[in-house]
Every structure is written in structure tokens, then in C-alpha cells.
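Structure file input-v8.txt with compact mmCIF, C-alpha atoms:
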# COMPACT_ATOMS: atom_id res chain seq x y z
CA MET A 815 3.67 22.44 9.12
CA SER A 816 3.42 20.88 12.58
CA GLU A 817 0.60 20.56 15.08
CA MET A 818 -0.33 18.62 18.18
CA GLU A 819 -3.42 16.43 18.39
CA PRO A 820 -4.94 17.17 21.85
CA GLY A 821 -5.51 13.95 23.79
CA SER A 822 -4.34 11.84 20.85
CA ALA A 823 -1.92 8.91 20.98
CA LEU A 824 -0.58 10.08 17.63
CA GLY A 825 1.32 12.99 19.17
CA GLU A 826 2.77 15.68 16.93
CA ILE A 827 1.46 15.73 13.37
CA VAL A 828 3.67 16.98 10.55
CA GLU A 829 3.08 17.49 6.84
CA ASP A 830 5.19 15.62 4.34
CA ARG A 831 5.06 15.91 0.57
CA LEU A 832 5.40 13.06 -1.90
CA LEU A 833 4.98 12.66 -5.68
CA ASP A 834 7.05 15.74 -6.44
CA GLY A 835 5.11 17.72 -3.85
CA ARG A 836 1.66 16.97 -5.26
CA LEU A 837 0.64 14.65 -2.40
CA LYS A 838 0.34 16.52 0.89
CA LEU A 839 0.40 14.04 3.72
CA LEU A 840 -0.32 14.68 7.39
CA GLN A 841 1.20 11.95 9.53
CA PRO A 842 2.63 11.48 13.03
CA ARG A 843 6.18 12.69 13.50
CA LYS A 844 6.95 9.64 15.66
CA GLY A 845 6.11 6.10 14.64
CA HIS A 846 5.52 4.66 11.19
CA ARG A 847 6.06 7.22 8.42
CA ALA A 848 4.77 6.38 4.96
CA GLY A 849 7.15 6.95 2.08
CA SER A 850 8.84 5.07 -0.74
CA ASP A 851 7.11 1.70 -0.22
CA ALA A 852 3.67 3.27 -0.59
CA ILE A 853 4.63 5.26 -3.69
CA LEU A 854 6.15 2.22 -5.39
CA LEU A 855 3.06 0.15 -4.70
CA ALA A 856 0.74 2.86 -6.05
CA ALA A 857 2.92 2.97 -9.17
CA ALA A 858 2.56 -0.81 -9.56
CA LEU A 859 -1.23 -0.71 -9.92
CA PRO A 860 -2.70 -1.22 -13.39
CA GLU A 861 -4.69 1.50 -15.13
CA LEU A 862 -8.15 1.22 -13.60
CA GLY A 863 -10.01 4.13 -15.18
CA GLN A 864 -13.08 4.99 -13.10
CA ARG A 865 -13.16 1.68 -11.28
CA ALA A 866 -12.85 1.03 -7.53
CA LEU A 867 -9.67 0.48 -5.49
CA LEU A 868 -9.56 -0.66 -1.87
CA ASP A 869 -6.45 0.20 0.19
CA ILE A 870 -6.50 -2.09 3.24
CA GLY A 871 -4.52 -1.27 6.35
CA ALA A 872 -4.36 2.19 4.85
CA GLY A 873 -2.82 4.13 7.73
CA VAL A 874 -2.96 7.81 6.81
CA GLY A 875 -4.01 6.86 3.28
CA THR A 876 -0.74 7.15 1.39
CA ILE A 877 -1.17 4.29 -1.12
CA GLY A 878 -4.79 5.02 -1.99
CA LEU A 879 -4.30 8.78 -2.18
CA ALA A 880 -1.19 8.41 -4.33
CA ALA A 881 -3.13 6.09 -6.64
CA ALA A 882 -5.98 8.59 -6.83
CA LEU A 883 -3.56 11.32 -7.91
CA LEU A 884 -1.86 9.06 -10.45
CA GLN A 885 -5.22 7.90 -11.87
CA PRO A 886 -7.64 10.87 -11.93
CA GLY A 887 -10.79 8.80 -12.50
CA LEU A 888 -10.13 6.22 -9.79
CA ARG A 889 -12.56 5.74 -6.90
CA VAL A 890 -10.75 4.80 -3.69
CA THR A 891 -11.77 3.35 -0.33
CA LEU A 892 -9.29 3.48 2.56
CA LEU A 893 -9.78 0.82 5.27
CA GLU A 894 -7.92 1.49 8.52
CA ARG A 895 -8.64 -0.05 11.92
CA ASP A 896 -7.13 2.77 14.05
CA PRO A 897 -9.86 5.47 14.30
CA GLU A 898 -7.31 8.25 14.77
CA LEU A 899 -5.30 7.24 11.71
CA ALA A 900 -8.55 6.84 9.76
CA ALA A 901 -9.53 10.39 10.74
CA LEU A 902 -6.12 11.62 9.60
CA ALA A 903 -6.58 9.79 6.30
CA ALA A 904 -9.88 11.61 5.82
CA ARG A 905 -8.13 14.93 6.46
CA ASN A 906 -5.47 13.99 3.92
CA ALA A 907 -8.15 13.21 1.34
CA GLY A 908 -9.67 16.64 1.96
CA GLN A 909 -6.48 18.64 1.80
CA ASN A 910 -5.54 16.93 -1.48
CA GLU A 911 -9.01 17.78 -2.88
CA LEU A 912 -9.80 14.08 -3.25
CA ALA A 913 -12.72 13.80 -0.84
CA GLY A 914 -15.12 13.39 -3.75
CA ARG A 915 -13.36 10.21 -4.92
CA VAL A 916 -11.99 8.86 -1.63
CA THR A 917 -13.98 7.21 1.16
CA VAL A 918 -12.45 6.34 4.54
CA VAL A 919 -13.73 3.38 6.55
CA ALA A 920 -12.61 2.65 10.12
CA GLY A 921 -12.54 -1.13 10.43
CA ASP A 922 -10.35 -4.21 10.79
CA VAL A 923 -9.28 -6.05 7.63
CA THR A 924 -9.50 -9.35 9.51
CA ALA A 925 -13.15 -8.83 10.52
CA ARG A 926 -15.84 -11.27 9.45
CA ALA A 927 -17.58 -10.71 6.12
CA ALA A 928 -20.82 -9.64 7.84
CA ILE A 929 -19.03 -6.92 9.78
CA LEU A 930 -17.21 -5.64 6.70
CA GLY A 931 -20.54 -5.66 4.86
CA GLU A 932 -22.06 -3.47 7.57
CA LEU A 933 -19.20 -1.03 6.94
CA GLY A 934 -20.15 -0.87 3.27
CA LEU A 935 -17.50 -3.30 2.05
CA ALA A 936 -19.60 -5.83 0.19
CA SER A 937 -18.19 -9.01 -1.30
CA ALA A 938 -16.97 -8.75 -4.91
CA SER A 939 -17.30 -4.96 -4.92
CA PHE A 940 -13.75 -3.82 -5.79
CA ASP A 941 -11.73 -3.94 -9.00
CA ALA A 942 -8.38 -3.76 -7.20
CA VAL A 943 -7.00 -4.17 -3.71
CA ALA A 944 -3.67 -2.73 -2.55
CA MET A 945 -1.97 -3.58 0.73
CA ASN A 946 1.23 -2.90 2.62
CA PRO A 947 0.68 -5.44 5.41
CA PRO A 948 2.61 -5.56 8.69
CA PHE A 949 6.01 -7.09 7.98
CA TYR A 950 6.75 -9.16 11.09
CA PRO A 951 4.84 -11.74 13.15
CA PRO A 952 4.65 -11.26 16.93
CA GLY A 953 8.05 -12.06 18.40
CA GLY A 954 9.64 -11.96 14.97
CA SER A 955 11.22 -8.55 15.45
CA ARG A 956 11.91 -6.02 18.13
CA ALA A 957 8.63 -4.18 18.49
CA SER A 958 8.69 -0.40 18.57
CA PRO A 959 7.42 1.26 21.77
CA VAL A 960 5.56 3.77 19.57
CA PRO A 961 2.01 2.36 19.17
CA ASN A 962 1.31 3.24 15.54
CA ARG A 963 4.78 2.12 14.44
CA LYS A 964 4.32 -1.21 16.22
CA ALA A 965 0.92 -1.73 14.60
CA ALA A 966 2.35 -0.96 11.17
CA HIS A 967 5.32 -3.33 11.41
CA VAL A 968 4.19 -6.18 13.68
CA ALA A 969 1.37 -8.40 12.46
CA GLU A 970 -1.13 -9.75 14.96
CA GLY A 971 -1.64 -12.74 12.70
CA ALA A 972 -0.40 -14.24 9.49
CA LEU A 973 -0.78 -12.69 6.06
CA ALA A 974 -3.52 -15.21 5.23
CA PRO A 975 -6.43 -13.20 6.74
CA TRP A 976 -5.45 -10.16 4.68
CA LEU A 977 -5.37 -12.19 1.47
CA ARG A 978 -8.63 -13.91 2.39
CA THR A 979 -10.34 -10.54 2.78
CA ALA A 980 -8.86 -9.32 -0.51
CA ARG A 981 -10.11 -12.44 -2.27
CA ARG A 982 -13.59 -11.93 -0.83
CA LEU A 983 -13.85 -8.24 -1.72
CA LEU A 984 -12.40 -8.44 -5.24
CA ARG A 985 -14.57 -8.91 -8.29
CA PRO A 986 -13.63 -11.80 -10.62
CA GLY A 987 -10.70 -10.61 -12.67
CA GLY A 988 -9.82 -8.04 -10.01
CA HIS A 989 -6.22 -7.05 -9.32
CA LEU A 990 -4.24 -7.48 -6.12
CA ALA A 991 -1.02 -5.58 -5.40
CA LEU A 992 1.10 -5.79 -2.26
CA ILE A 993 4.58 -4.88 -1.08
CA HIS A 994 6.43 -6.93 1.49
CA ARG A 995 9.87 -7.92 2.74
CA VAL A 996 11.73 -10.44 0.60
CA GLU A 997 11.66 -13.14 3.30
CA ALA A 998 7.87 -13.20 3.11
CA LEU A 999 7.79 -14.35 -0.53
CA PRO A 1000 7.02 -18.03 0.31
CA GLU A 1001 4.15 -16.96 2.58
CA VAL A 1002 2.81 -14.58 -0.06
CA LEU A 1003 2.91 -17.20 -2.82
CA ALA A 1004 1.29 -19.79 -0.56
CA GLY A 1005 -1.50 -17.34 0.24
CA LEU A 1006 -2.13 -16.72 -3.47
CA GLU A 1007 -2.42 -20.40 -4.36
CA THR A 1008 -6.18 -20.31 -3.87
CA GLY A 1009 -8.03 -18.13 -6.34
CA PHE A 1010 -5.23 -16.07 -7.90
CA GLY A 1011 -3.24 -16.35 -11.11
CA ALA A 1012 -1.06 -14.12 -13.31
CA ILE A 1013 1.19 -13.66 -10.29
CA ALA A 1014 4.01 -11.23 -11.03
CA VAL A 1015 6.93 -10.65 -8.65
CA ARG A 1016 9.18 -7.61 -8.91
CA PRO A 1017 12.30 -7.47 -6.67
CA ILE A 1018 13.13 -4.03 -5.27
CA HIS A 1019 16.83 -3.28 -4.65
CA ALA A 1020 18.28 -0.31 -2.78
CA PHE A 1021 21.42 -0.72 -4.93
CA ALA A 1022 22.00 -2.87 -8.01
CA ASP A 1023 24.80 -4.88 -6.38
CA LYS A 1024 22.93 -5.55 -3.13
CA PRO A 1025 20.25 -8.16 -2.35
CA ALA A 1026 16.63 -7.13 -2.82
CA ILE A 1027 15.01 -5.43 0.17
CA ARG A 1028 11.36 -5.62 -0.90
CA ILE A 1029 9.11 -7.45 -3.31
CA ILE A 1030 6.07 -6.10 -5.10
CA VAL A 1031 3.64 -8.90 -5.93
CA THR A 1032 0.62 -8.49 -8.17
CA ALA A 1033 -2.00 -11.07 -9.08
CA ILE A 1034 -5.41 -11.39 -10.74
CA LEU A 1035 -8.37 -13.16 -9.17
CA ASN A 1036 -9.50 -16.23 -11.13
CA SER A 1037 -6.79 -15.83 -13.77
CA ARG A 1038 -5.16 -18.95 -15.25
CA LYS A 1039 -2.10 -17.13 -16.56
CA PRO A 1040 1.30 -18.39 -15.33
CA ALA A 1041 3.54 -16.60 -12.86
CA THR A 1042 6.14 -14.07 -14.00
CA LEU A 1043 9.37 -12.76 -12.48
CA LEU A 1044 9.62 -9.11 -13.55
CA PRO A 1045 12.82 -7.09 -14.02
CA ALA A 1046 14.27 -5.77 -10.79
CA PHE A 1047 13.65 -2.16 -9.78
CA VAL A 1048 16.75 -0.39 -8.44
CA ILE A 1049 16.13 2.62 -6.22
CA ASN A 1050 19.61 4.18 -6.01
CA GLY A 1051 22.61 4.46 -8.30
CA ALA A 1052 26.20 3.88 -7.22
CA ASP A 1053 26.38 7.55 -6.20
CA GLY A 1054 23.60 7.05 -3.63
CA ARG A 1055 21.11 9.16 -5.57
CA LEU A 1056 17.91 7.92 -7.10
CA THR A 1057 18.40 6.42 -10.54
CA PRO A 1058 16.68 8.42 -13.33
CA PHE A 1059 13.88 5.86 -13.59
CA SER A 1060 13.49 5.62 -9.81
CA ASP A 1061 13.34 9.40 -9.59
CA ALA A 1062 10.63 9.48 -12.25
CA VAL A 1063 8.60 6.82 -10.43
CA HIS A 1064 8.89 8.62 -7.11
CA ARG A 1065 7.74 11.84 -8.80
CA GLY A 1066 4.77 10.08 -10.39
CA ARG A 1067 6.06 10.46 -13.95
CA GLU A 1068 6.65 6.74 -14.61
CA ARG A 1069 4.78 3.59 -13.58
CA LEU A 1070 5.77 0.10 -12.45
CA ALA A 1071 2.59 -1.73 -13.48
CA PRO A 1072 3.23 -5.01 -15.34
CA ASP A 1073 1.62 -5.53 -18.72
CA TYR A 1074 -1.67 -7.31 -18.11
CA GLN A 1075 -2.62 -7.47 -21.79

Could you show the structure in this file as C-alpha cells?
Amino acid sequence: MSEMEPGSALGEIVEDRLLDGRLKLLQPRKGHRAGSDAILLAAALPELGQRALLDIGAGVGTIGLAAALLQPGLRVTLLERDPELAALAARNAGQNELAGRVTVVAGDVTARAAILGELGLASASFDAVAMNPPFYPPGGSRASPVPNRKAAHVAEGALAPWLRTARRLLRPGGHLALIHRVEALPEVLAGLETGFGAIAVRPIHAFADKPAIRIIVTAILNSRKPATLLPAFVINGADGRLTPFSDAVHRGRERLAPDYQ
């Protein structure tokens, strides 16, 4: 499936399928394309039952929608500052028959609390927050000329405002989950020093004999539990194919959530 968005900066829209084909995802052909990172992060969320998840910087909604499919009772809010991507996220919720459990909000994660409140995002109103924040500070990488790809990969500020918003919107005991590049681990841990405990770090490797390429970090607001380094997750075997466990995670048949008990 392919279509053009008249007058849109998004350009050609194509349909991709994730989670063994269960998640139908409309997204721009050019620019940032959601994929493995989002699925791994959705798999790293704890079982939340019928509680509320906020996906901030949601793009076309991949993380939140994947989580909604993996957890059938979950209520999800997608926060995305680009109105066109937010509209596409709403379409994705509809075509996956999730509109009844998924709400899309067009707004900036770094906005003041009063502005977020006006958008319906009240303080201490979510049981979990998931985020795949921009990976690079301005000047820290070669920015893409494609607008939505640049916005997805180049941060306009530090990670701190994202974590501050998560801390404000989470209920006490609420869960945070994020995926980031390995080099950002010191910044992530520094940002979690205030308010979070039970920090768990899982390295993600493309191949077992290569350095990690991503980290998934989870934490609990107001917890006093110590930090944990979880077993590494290896995406591909020596043959270049997904390992059996990686394949099961990408298909939505296995989970990566740490044991919070």
C-alpha cells in the first residue's frame, strides 16, 4: 500500500507490518521509519493490565500501538508534537482497531506542566511512560535533510526535559522504559538520579561478538530498589538471521520485561 499526502511534508506514505503482521503501520517512505527499536521497547514494558501508558515522542505511534496489541487491556496515550505525524498515529490506531483504547495528543513533551494539563495530560496520571527520544544533540551528528528523520534523530535539547516530564506525569510506583544509544547511558543514569529507583539496564547487541548498539533502561518512580544489569539481548545469530528468541520477541510471542516482583 502506498499513497501521497496532498500538501504534506511527509510525502509518500507506505504501510509496513510488524509483530508478525498484526501491527499495520502507515508511515512516511522517506525519513525516520519505526521498526525494531520500537518493538523491543514495547516488549520491555511490564504487564500493566487495564492501566494507562503514555508514549511520548510517539511519531506514528509504533511503541504505544505495539504495547496495546501485546497487552489487550492497556489504555494508551500517544503524545507527538508534529501534527501530521500525530494525525497518522490516529489513523494507525483506527486501522488496527485500537481507537477505543488509544488516544492521540498533538503536543510537545518539553512543554510546561500547565500546557500539558490543558492537553489532558495531568500530573501523576499515568502508570507507565515509554520513550524513544532523539539520539543526538544538535551538532552531534550529521542531520538528515528529511524533516521528520531529523526531528526523530536530533534532539533540540538534552534528555533531561523528557525525563522531567515523565517524572511529572507518572504516578508513584509508575514505570519508565526507554531505548537509547549506548553512549547515552551516563546521561540516562544521571537523569534518573532524582525520583527513580529499580533501574534496570539491558544491553542490545546486533551480534553476540560485537559491542552493544542500544540500551533499554527501565525504572520505577519512588522505588528504593538497587540498580540491575540485565542479561544482554542479541538480535542476530552468526548466520545473520534473528536468533530464535529475538524472532519470538519481534513476532510478539516473547517479552523482555524484567521481573519487578

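The gap separating CA of Leu1070 (chain A) from CA of Phe1021 (chain A) is 17.4 Å, in Å to one decimal.
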
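Between CA of Ala1062 (chain A) and CA of Leu859 (chain A) the separation is 15.8 Å.
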
Just want the 9 Å neighbourhood of region 828-838 of chain A, counted on only C-alpha atoms, with same-chain residues fewer than 4 positions away dropped. Output as an mmCIF file with C-alpha atoms, in the frame of the given file.
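Full text of result-v9.cif as output:
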data_model
loop_
_atom_site.group_PDB
_atom_site.id
_atom_site.type_symbol
_atom_site.label_atom_id
_atom_site.label_comp_id
_atom_site.auth_asym_id
_atom_site.auth_seq_id
_atom_site.Cartn_x
_atom_site.Cartn_y
_atom_site.Cartn_z
ATOM 1 C CA MET A 815 3.670 22.440 9.120
ATOM 2 C CA SER A 816 3.420 20.880 12.580
ATOM 3 C CA GLU A 817 0.600 20.560 15.080
ATOM 4 C CA MET A 818 -0.330 18.620 18.180
ATOM 5 C CA PRO A 842 2.630 11.480 13.030
ATOM 6 C CA ARG A 843 6.180 12.690 13.500
ATOM 7 C CA GLY A 849 7.150 6.950 2.080
ATOM 8 C CA SER A 850 8.840 5.070 -0.740
ATOM 9 C CA ILE A 853 4.630 5.260 -3.690
ATOM 10 C CA THR A 876 -0.740 7.150 1.390
ATOM 11 C CA LEU A 879 -4.300 8.780 -2.180
ATOM 12 C CA ALA A 880 -1.190 8.410 -4.330
ATOM 13 C CA LEU A 883 -3.560 11.320 -7.910
ATOM 14 C CA ASN A 906 -5.470 13.990 3.920
ATOM 15 C CA GLN A 909 -6.480 18.640 1.800
ATOM 16 C CA ASN A 910 -5.540 16.930 -1.480
ATOM 17 C CA VAL A 1063 8.600 6.820 -10.430
ATOM 18 C CA HIS A 1064 8.890 8.620 -7.110
ATOM 19 C CA ARG A 1065 7.740 11.840 -8.800
ATOM 20 C CA GLY A 1066 4.770 10.080 -10.390
ATOM 21 C CA ARG A 1067 6.060 10.460 -13.950
#

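With only C-alpha atoms as the atoms that count, the minimum distance from Leu893 (chain A) to the choices A:Pro1025, A:Gly871, A:Gly878, A:Pro986 is reached by A:Gly871.
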
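Residue nearest Leu854 (chain A), chosen from A:Asn946, A:Thr891, A:Thr1008, A:Thr1057 and counting all atoms listed in the file: A:Asn946.
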
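Among A:Val919, A:Leu983, A:Leu1043, A:Ala904, the residue with the shortest atom-to-atom distance to Ser937 (chain A), counting all atoms listed in the file, is A:Leu983.
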
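For the choices A:Leu868, A:Arg981, A:Gly908, A:Ala901, the atom-to-atom distance to Gly934 (chain A) is smallest for A:Leu868 when using all atoms listed in the file.
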
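Between CA of Asn1036 (chain A) and CA of Arg995 (chain A) the interatomic distance comes to 25.2 Å.
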
Quick one: residues within 12 Å of Ala938 (chain A), all atoms listed in the file, excluding same-chain residues fewer than 2 positions away - as JSON, numbers by chain? {"A": [866, 867, 868, 927, 931, 934, 935, 936, 940, 941, 942, 943, 979, 980, 981, 982, 983, 984, 985, 986, 987, 988, 989, 1035]}

Those residues with C-alpha atoms, as a PDB file, in the frame of the given file please?
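again_2.pdb, written as the output of this step:
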ATOM      1  CA  ALA A 866     -12.850   1.030  -7.530  1.00  0.00           C
ATOM      2  CA  LEU A 867      -9.670   0.480  -5.490  1.00  0.00           C
ATOM      3  CA  LEU A 868      -9.560  -0.660  -1.870  1.00  0.00           C
ATOM      4  CA  ALA A 927     -17.580 -10.710   6.120  1.00  0.00           C
ATOM      5  CA  GLY A 931     -20.540  -5.660   4.860  1.00  0.00           C
ATOM      6  CA  GLY A 934     -20.150  -0.870   3.270  1.00  0.00           C
ATOM      7  CA  LEU A 935     -17.500  -3.300   2.050  1.00  0.00           C
ATOM      8  CA  ALA A 936     -19.600  -5.830   0.190  1.00  0.00           C
ATOM      9  CA  PHE A 940     -13.750  -3.820  -5.790  1.00  0.00           C
ATOM     10  CA  ASP A 941     -11.730  -3.940  -9.000  1.00  0.00           C
ATOM     11  CA  ALA A 942      -8.380  -3.760  -7.200  1.00  0.00           C
ATOM     12  CA  VAL A 943      -7.000  -4.170  -3.710  1.00  0.00           C
ATOM     13  CA  THR A 979     -10.340 -10.540   2.780  1.00  0.00           C
ATOM     14  CA  ALA A 980      -8.860  -9.320  -0.510  1.00  0.00           C
ATOM     15  CA  ARG A 981     -10.110 -12.440  -2.270  1.00  0.00           C
ATOM     16  CA  ARG A 982     -13.590 -11.930  -0.830  1.00  0.00           C
ATOM     17  CA  LEU A 983     -13.850  -8.240  -1.720  1.00  0.00           C
ATOM     18  CA  LEU A 984     -12.400  -8.440  -5.240  1.00  0.00           C
ATOM     19  CA  ARG A 985     -14.570  -8.910  -8.290  1.00  0.00           C
ATOM     20  CA  PRO A 986     -13.630 -11.800 -10.620  1.00  0.00           C
ATOM     21  CA  GLY A 987     -10.700 -10.610 -12.670  1.00  0.00           C
ATOM     22  CA  GLY A 988      -9.820  -8.040 -10.010  1.00  0.00           C
ATOM     23  CA  HIS A 989      -6.220  -7.050  -9.320  1.00  0.00           C
ATOM     24  CA  LEU A1035      -8.370 -13.160  -9.170  1.00  0.00           C
TER      25      LEU A1035
END

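For Asp896 (chain A), the non-local neighbours within 9 Å, defined as residues at least 5 positions apart in the same chain or in other chains and counting all atoms listed in the file, are Gly873, Ala901, Ala920, Gly921, Asp922 and Asn962 of chain A.
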
Residues within 12 Å of Trp976 (chain A), please, as a PDB file with C-alpha atoms, keeping the file's coordinate frame. Count all atoms listed in the file; anything in the same chain fewer than 2 positions from it doesn't count.
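Saved result, out-v2.pdb, follows:
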ATOM      1  CA  ASP A 869      -6.450   0.200   0.190  1.00  0.00           C
ATOM      2  CA  ILE A 870      -6.500  -2.090   3.240  1.00  0.00           C
ATOM      3  CA  GLY A 871      -4.520  -1.270   6.350  1.00  0.00           C
ATOM      4  CA  LEU A 893      -9.780   0.820   5.270  1.00  0.00           C
ATOM      5  CA  ASP A 922     -10.350  -4.210  10.790  1.00  0.00           C
ATOM      6  CA  VAL A 923      -9.280  -6.050   7.630  1.00  0.00           C
ATOM      7  CA  THR A 924      -9.500  -9.350   9.510  1.00  0.00           C
ATOM      8  CA  ALA A 925     -13.150  -8.830  10.520  1.00  0.00           C
ATOM      9  CA  ARG A 926     -15.840 -11.270   9.450  1.00  0.00           C
ATOM     10  CA  VAL A 943      -7.000  -4.170  -3.710  1.00  0.00           C
ATOM     11  CA  ALA A 944      -3.670  -2.730  -2.550  1.00  0.00           C
ATOM     12  CA  MET A 945      -1.970  -3.580   0.730  1.00  0.00           C
ATOM     13  CA  ASN A 946       1.230  -2.900   2.620  1.00  0.00           C
ATOM     14  CA  PRO A 947       0.680  -5.440   5.410  1.00  0.00           C
ATOM     15  CA  PRO A 948       2.610  -5.560   8.690  1.00  0.00           C
ATOM     16  CA  ALA A 969       1.370  -8.400  12.460  1.00  0.00           C
ATOM     17  CA  GLU A 970      -1.130  -9.750  14.960  1.00  0.00           C
ATOM     18  CA  GLY A 971      -1.640 -12.740  12.700  1.00  0.00           C
ATOM     19  CA  ALA A 972      -0.400 -14.240   9.490  1.00  0.00           C
ATOM     20  CA  LEU A 973      -0.780 -12.690   6.060  1.00  0.00           C
ATOM     21  CA  ALA A 974      -3.520 -15.210   5.230  1.00  0.00           C
ATOM     22  CA  ARG A 978      -8.630 -13.910   2.390  1.00  0.00           C
ATOM     23  CA  THR A 979     -10.340 -10.540   2.780  1.00  0.00           C
ATOM     24  CA  ALA A 980      -8.860  -9.320  -0.510  1.00  0.00           C
ATOM     25  CA  ARG A 981     -10.110 -12.440  -2.270  1.00  0.00           C
ATOM     26  CA  ARG A 982     -13.590 -11.930  -0.830  1.00  0.00           C
ATOM     27  CA  LEU A 983     -13.850  -8.240  -1.720  1.00  0.00           C
ATOM     28  CA  LEU A 990      -4.240  -7.480  -6.120  1.00  0.00           C
ATOM     29  CA  ALA A 991      -1.020  -5.580  -5.400  1.00  0.00           C
ATOM     30  CA  LEU A 992       1.100  -5.790  -2.260  1.00  0.00           C
ATOM     31  CA  GLU A1001       4.150 -16.960   2.580  1.00  0.00           C
ATOM     32  CA  VAL A1002       2.810 -14.580  -0.060  1.00  0.00           C
ATOM     33  CA  GLY A1005      -1.500 -17.340   0.240  1.00  0.00           C
ATOM     34  CA  LEU A1006      -2.130 -16.720  -3.470  1.00  0.00           C
TER      35      LEU A1006
END

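Restricting the calculation to all atoms listed in the file, the smallest distance between Leu912 (chain A) and any of A:His994, A:Arg1038, A:Arg895, A:Arg889 is found for A:Arg889.
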
How big is the axis-aligned box, and where does its centre sit, when it encloses all atoms of region 1045-1050 of chain A listed in the file and has 4 Å added on every side, reported in Å to one decimal as AutoDock Vina command-line options?
--center_x 16.2 --center_y -1.5 --center_z -10.0 --size_x 14.8 --size_y 19.3 --size_z 16.0
